[in-house]
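Asks: My structure is in my_file.pdb, and what it holds is PDB, C-alpha atoms:
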```pdb
ATOM      1  CA  MET X   1      92.266  75.196 131.629  1.00  0.00           C
ATOM      2  CA  GLY X   2      88.646  76.094 132.362  1.00  0.00           C
ATOM      3  CA  LYS X   3      85.577  75.599 130.239  1.00  0.00           C
ATOM      4  CA  LEU X   4      84.660  78.385 127.808  1.00  0.00           C
ATOM      5  CA  THR X   5      81.485  79.962 129.138  1.00  0.00           C
ATOM      6  CA  HIS X   6      80.299  81.267 125.763  1.00  0.00           C
ATOM      7  CA  MET X   7      80.050  77.758 124.252  1.00  0.00           C
ATOM      8  CA  ASP X   8      77.265  75.264 124.866  1.00  0.00           C
ATOM      9  CA  ALA X   9      77.755  71.497 125.223  1.00  0.00           C
ATOM     10  CA  THR X  10      77.758  71.080 121.427  1.00  0.00           C
ATOM     11  CA  GLY X  11      80.324  73.834 120.821  1.00  0.00           C
ATOM     12  CA  ARG X  12      77.866  76.471 119.603  1.00  0.00           C
ATOM     13  CA  ALA X  13      78.326  80.085 120.653  1.00  0.00           C
ATOM     14  CA  ARG X  14      75.852  81.326 123.235  1.00  0.00           C
ATOM     15  CA  MET X  15      75.196  84.211 125.555  1.00  0.00           C
ATOM     16  CA  VAL X  16      75.729  83.118 129.146  1.00  0.00           C
ATOM     17  CA  ASP X  17      72.545  83.004 131.247  1.00  0.00           C
ATOM     18  CA  VAL X  18      73.198  85.292 134.216  1.00  0.00           C
ATOM     19  CA  SER X  19      69.589  85.399 135.426  1.00  0.00           C
ATOM     20  CA  GLY X  20      70.359  83.259 138.498  1.00  0.00           C
ATOM     21  CA  LYS X  21      73.508  85.131 139.520  1.00  0.00           C
ATOM     22  CA  PRO X  22      73.359  87.638 142.377  1.00  0.00           C
ATOM     23  CA  SER X  23      74.022  91.292 141.707  1.00  0.00           C
ATOM     24  CA  THR X  24      77.311  92.383 143.224  1.00  0.00           C
ATOM     25  CA  ALA X  25      79.483  95.474 142.953  1.00  0.00           C
ATOM     26  CA  ARG X  26      81.959  95.010 140.113  1.00  0.00           C
ATOM     27  CA  GLU X  27      84.748  97.133 138.726  1.00  0.00           C
ATOM     28  CA  ALA X  28      87.361  96.702 135.995  1.00  0.00           C
ATOM     29  CA  VAL X  29      90.377  98.759 135.002  1.00  0.00           C
ATOM     30  CA  ALA X  30      92.032  98.535 131.579  1.00  0.00           C
ATOM     31  CA  GLU X  31      94.869 100.414 129.970  1.00  0.00           C
ATOM     32  CA  GLY X  32      96.467 101.021 126.603  1.00  0.00           C
ATOM     33  CA  PHE X  33      99.149 103.169 125.032  1.00  0.00           C
ATOM     34  CA  LEU X  34      99.490 105.121 121.785  1.00  0.00           C
ATOM     35  CA  LYS X  35     103.153 105.374 120.859  1.00  0.00           C
ATOM     36  CA  MET X  36     104.108 108.504 118.902  1.00  0.00           C
ATOM     37  CA  SER X  37     106.931 110.928 118.160  1.00  0.00           C
ATOM     38  CA  PRO X  38     107.816 113.719 120.586  1.00  0.00           C
ATOM     39  CA  ALA X  39     106.465 116.303 118.110  1.00  0.00           C
ATOM     40  CA  THR X  40     103.091 114.568 117.854  1.00  0.00           C
ATOM     41  CA  LEU X  41     102.929 114.158 121.630  1.00  0.00           C
ATOM     42  CA  ALA X  42     103.617 117.877 122.073  1.00  0.00           C
ATOM     43  CA  LEU X  43     100.796 118.663 119.628  1.00  0.00           C
ATOM     44  CA  ALA X  44      98.401 116.329 121.461  1.00  0.00           C
ATOM     45  CA  VAL X  45      99.227 117.787 124.866  1.00  0.00           C
ATOM     46  CA  SER X  46      99.018 121.410 123.679  1.00  0.00           C
ATOM     47  CA  GLY X  47      95.303 121.135 122.909  1.00  0.00           C
ATOM     48  CA  GLU X  48      95.899 123.330 119.879  1.00  0.00           C
ATOM     49  CA  GLY X  49      95.478 120.773 117.103  1.00  0.00           C
ATOM     50  CA  LYS X  50      93.164 121.508 114.188  1.00  0.00           C
ATOM     51  CA  LYS X  51      90.594 119.144 115.687  1.00  0.00           C
ATOM     52  CA  GLY X  52      90.742 120.657 119.173  1.00  0.00           C
ATOM     53  CA  ASP X  53      91.600 119.010 122.487  1.00  0.00           C
ATOM     54  CA  VAL X  54      92.309 115.471 121.302  1.00  0.00           C
ATOM     55  CA  ARG X  55      92.634 114.081 124.824  1.00  0.00           C
ATOM     56  CA  ALA X  56      89.201 115.360 125.908  1.00  0.00           C
ATOM     57  CA  VAL X  57      87.563 114.012 122.747  1.00  0.00           C
ATOM     58  CA  ALA X  58      89.211 110.599 123.233  1.00  0.00           C
ATOM     59  CA  GLU X  59      88.057 110.447 126.862  1.00  0.00           C
ATOM     60  CA  ILE X  60      84.468 111.155 125.813  1.00  0.00           C
ATOM     61  CA  ALA X  61      84.713 108.583 122.996  1.00  0.00           C
ATOM     62  CA  GLY X  62      85.890 105.988 125.509  1.00  0.00           C
ATOM     63  CA  VAL X  63      82.928 106.658 127.789  1.00  0.00           C
ATOM     64  CA  MET X  64      80.525 106.395 124.867  1.00  0.00           C
ATOM     65  CA  ALA X  65      82.142 103.142 123.721  1.00  0.00           C
ATOM     66  CA  ALA X  66      81.879 101.527 127.160  1.00  0.00           C
ATOM     67  CA  LYS X  67      78.141 102.218 127.140  1.00  0.00           C
ATOM     68  CA  ARG X  68      77.778 100.521 123.724  1.00  0.00           C
ATOM     69  CA  THR X  69      79.931  97.439 124.312  1.00  0.00           C
ATOM     70  CA  ALA X  70      76.986  95.022 124.057  1.00  0.00           C
ATOM     71  CA  GLU X  71      76.295  96.368 120.547  1.00  0.00           C
ATOM     72  CA  LEU X  72      79.892  95.689 119.462  1.00  0.00           C
ATOM     73  CA  ILE X  73      80.800  92.399 121.173  1.00  0.00           C
ATOM     74  CA  PRO X  74      78.179  89.758 120.267  1.00  0.00           C
ATOM     75  CA  MET X  75      77.922  87.813 123.537  1.00  0.00           C
ATOM     76  CA  CYS X  76      78.202  90.747 125.969  1.00  0.00           C
ATOM     77  CA  HIS X  77      75.204  91.588 128.119  1.00  0.00           C
ATOM     78  CA  PRO X  78      73.850  95.135 128.036  1.00  0.00           C
ATOM     79  CA  LEU X  79      74.712  96.573 131.446  1.00  0.00           C
ATOM     80  CA  ALA X  80      73.585  99.532 133.497  1.00  0.00           C
ATOM     81  CA  LEU X  81      76.961 101.115 134.138  1.00  0.00           C
ATOM     82  CA  SER X  82      77.266 103.172 137.299  1.00  0.00           C
ATOM     83  CA  LYS X  83      80.681 104.645 136.485  1.00  0.00           C
ATOM     84  CA  VAL X  84      82.882 105.076 133.428  1.00  0.00           C
ATOM     85  CA  GLU X  85      86.040 107.103 133.810  1.00  0.00           C
ATOM     86  CA  VAL X  86      88.542 107.409 130.953  1.00  0.00           C
ATOM     87  CA  ARG X  87      91.817 109.294 131.324  1.00  0.00           C
ATOM     88  CA  VAL X  88      94.386 110.152 128.654  1.00  0.00           C
ATOM     89  CA  GLU X  89      97.721 111.266 130.057  1.00  0.00           C
ATOM     90  CA  PRO X  90     101.105 111.954 128.471  1.00  0.00           C
ATOM     91  CA  GLY X  91     103.708 109.291 129.072  1.00  0.00           C
ATOM     92  CA  ALA X  92     107.198 108.485 127.874  1.00  0.00           C
ATOM     93  CA  GLY X  93     106.855 108.208 124.102  1.00  0.00           C
ATOM     94  CA  GLY X  94     103.112 108.721 123.782  1.00  0.00           C
ATOM     95  CA  LEU X  95      99.733 108.853 125.446  1.00  0.00           C
ATOM     96  CA  ALA X  96      98.592 106.437 128.168  1.00  0.00           C
ATOM     97  CA  VAL X  97      94.880 105.619 128.296  1.00  0.00           C
ATOM     98  CA  THR X  98      93.194 104.207 131.402  1.00  0.00           C
ATOM     99  CA  ALA X  99      89.531 103.264 131.821  1.00  0.00           C
ATOM    100  CA  ARG X 100      87.756 102.415 135.075  1.00  0.00           C
ATOM    101  CA  VAL X 101      84.242 100.976 134.745  1.00  0.00           C
ATOM    102  CA  ALA X 102      81.835  99.965 137.520  1.00  0.00           C
ATOM    103  CA  THR X 103      78.376  98.460 137.894  1.00  0.00           C
ATOM    104  CA  THR X 104      76.286  96.512 140.336  1.00  0.00           C
ATOM    105  CA  GLY X 105      74.977  93.501 138.505  1.00  0.00           C
ATOM    106  CA  PRO X 106      75.231  89.792 137.720  1.00  0.00           C
ATOM    107  CA  THR X 107      78.199  90.032 135.332  1.00  0.00           C
ATOM    108  CA  GLY X 108      81.477  91.911 135.115  1.00  0.00           C
ATOM    109  CA  VAL X 109      82.611  94.978 133.218  1.00  0.00           C
ATOM    110  CA  GLU X 110      85.981  93.841 131.859  1.00  0.00           C
ATOM    111  CA  MET X 111      84.838  94.088 128.248  1.00  0.00           C
ATOM    112  CA  GLU X 112      83.450  97.581 128.820  1.00  0.00           C
ATOM    113  CA  ALA X 113      86.787  98.773 130.220  1.00  0.00           C
ATOM    114  CA  LEU X 114      88.740  97.181 127.352  1.00  0.00           C
ATOM    115  CA  THR X 115      86.341  98.639 124.782  1.00  0.00           C
ATOM    116  CA  ALA X 116      86.656 102.105 126.320  1.00  0.00           C
ATOM    117  CA  VAL X 117      90.458 101.975 126.112  1.00  0.00           C
ATOM    118  CA  SER X 118      90.457 100.606 122.567  1.00  0.00           C
ATOM    119  CA  VAL X 119      88.085 103.249 121.219  1.00  0.00           C
ATOM    120  CA  ALA X 120      89.882 106.052 123.055  1.00  0.00           C
ATOM    121  CA  CYS X 121      93.163 104.913 121.461  1.00  0.00           C
ATOM    122  CA  LEU X 122      91.529 104.721 118.034  1.00  0.00           C
ATOM    123  CA  THR X 123      90.081 108.202 118.513  1.00  0.00           C
ATOM    124  CA  LEU X 124      93.502 109.579 119.406  1.00  0.00           C
ATOM    125  CA  TYR X 125      94.961 107.946 116.323  1.00  0.00           C
ATOM    126  CA  ASP X 126      92.201 109.399 114.139  1.00  0.00           C
ATOM    127  CA  MET X 127      92.676 112.891 115.497  1.00  0.00           C
ATOM    128  CA  LEU X 128      96.488 112.828 115.265  1.00  0.00           C
ATOM    129  CA  LYS X 129      97.015 110.894 112.028  1.00  0.00           C
ATOM    130  CA  ALA X 130      97.468 114.094 110.009  1.00  0.00           C
ATOM    131  CA  ALA X 131     100.598 114.761 112.074  1.00  0.00           C
ATOM    132  CA  GLN X 132     101.906 111.153 112.120  1.00  0.00           C
ATOM    133  CA  LYS X 133     100.683 108.038 110.354  1.00  0.00           C
ATOM    134  CA  ASP X 134     103.050 105.499 111.942  1.00  0.00           C
ATOM    135  CA  MET X 135     101.751 105.772 115.513  1.00  0.00           C
ATOM    136  CA  VAL X 136     101.270 102.392 117.212  1.00  0.00           C
ATOM    137  CA  ILE X 137      98.457 101.321 119.536  1.00  0.00           C
ATOM    138  CA  GLU X 138      99.965  98.871 122.002  1.00  0.00           C
ATOM    139  CA  THR X 139      99.527  97.108 125.305  1.00  0.00           C
ATOM    140  CA  VAL X 140      95.727  97.184 125.521  1.00  0.00           C
ATOM    141  CA  ARG X 141      95.086  94.968 128.536  1.00  0.00           C
ATOM    142  CA  LEU X 142      92.985  94.325 131.592  1.00  0.00           C
ATOM    143  CA  VAL X 143      94.759  95.623 134.692  1.00  0.00           C
ATOM    144  CA  SER X 144      92.323  94.515 137.391  1.00  0.00           C
ATOM    145  CA  LYS X 145      88.803  93.412 138.157  1.00  0.00           C
ATOM    146  CA  THR X 146      86.840  93.115 141.361  1.00  0.00           C
ATOM    147  CA  GLY X 147      83.613  91.398 142.342  1.00  0.00           C
ATOM    148  CA  GLY X 148      81.694  88.396 141.130  1.00  0.00           C
ATOM    149  CA  LYS X 149      82.034  84.669 141.615  1.00  0.00           C
ATOM    150  CA  SER X 150      85.631  84.525 140.385  1.00  0.00           C
ATOM    151  CA  GLY X 151      86.648  87.251 142.855  1.00  0.00           C
ATOM    152  CA  ASP X 152      89.311  89.888 142.492  1.00  0.00           C
ATOM    153  CA  TRP X 153      92.069  89.733 139.900  1.00  0.00           C
ATOM    154  CA  LEU X 154      95.171  91.892 139.419  1.00  0.00           C
ATOM    155  CA  ALA X 155      97.481  91.698 136.400  1.00  0.00           C
ATOM    156  CA  PRO X 156     100.981  90.468 137.181  1.00  0.00           C
TER
END
```
Take the structure in the file and give it back as structure tokens.

Replies:
Amino acid sequence: MGKLTHMDATGRARMVDVSGKPSTAREAVAEGFLKMSPATLALAVSGEGKKGDVRAVAEIAGVMAAKRTAELIPMCHPLALSKVEVRVEPGAGGLAVTARVATTGPTGVEMEALTAVSVACLTLYDMLKAAQKDMVIETVRLVSKTGGKSGDWLAP
């Protein structure tokens, strides 16, 4: 098991110093799923809910969240993101959320992609909770990342 990068030699939390790292192209993809009943899924896909097009609102919320990750996660660096794409698509039993985030910089964008997916799922829940309160957010995970010292990674 590797050393935790957000801990100093005495075990205190710290922000990693990336000032000496080269800027490289980096991208991360994350996904999540909001499980719901067929009736709620039909309402979400129709775009005719009382709150409007829930999928479009969730996609925008995910983009906004990715851009604010450093404000939410204490040790994340503020990054100049070059791309944030969030998609909400119907799937078997609910809505699938995918976020793709890219930058050129000294640190990766995994947390930005995960934050985008999480907030998009929460937004969907908020907008659909009047129709169904027992929806379940599940399987929020990193799917892949490219770039940086540790190289490319793809979920098994």

Asks: Using the chain letters and numbers from the file, which residues does the PyMOL selection byres ((chain X and resi 129) around 12) grab, as number ranges by chain?

Replies: X: 34, 36-37, 40-41, 43-44, 49-51, 54, 121-128, 130-136

Asks: Take the PyMOL selection byres ((chain X and resi 77-85) around 10), run it mentally on this structure, and tell me the resulting residues as JSON, numbers by chain.

Replies: {"X": [15, 16, 17, 18, 25, 26, 27, 28, 29, 59, 60, 62, 63, 64, 65, 66, 67, 68, 69, 70, 71, 73, 74, 75, 76, 86, 87, 98, 99, 100, 101, 102, 103, 104, 105, 106, 107, 108, 109, 111, 112, 113, 116]}

Asks: Take CA of Pro38 in chain X and CA of Ser118 in chain X and report the distance between them in Å, one decimal.

Replies: 21.8 Å

Asks: Can you tell me how far CA of Thr115 in chain X sits from CA of Gly20 in chain X, in Å to one decimal?

Replies: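 It comes out at 26.1 Å.
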
Asks: Please indicate the distance in Å from CA of Asp152 in chain X to CA of Pro90 in chain X, rounded to one decimal place.

Replies: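 Between CA of Asp152 in chain X and CA of Pro90 in chain X the gap is 28.7 Å.
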
Asks: Can you pull out every residue within 7 Å of Leu142 in chain X, counting only C-alpha atoms, but drop anything in the same chain fewer than 3 positions away, and send it as a list in words?

Replies: Val29, Ala30, Glu31 and Leu114 of chain X
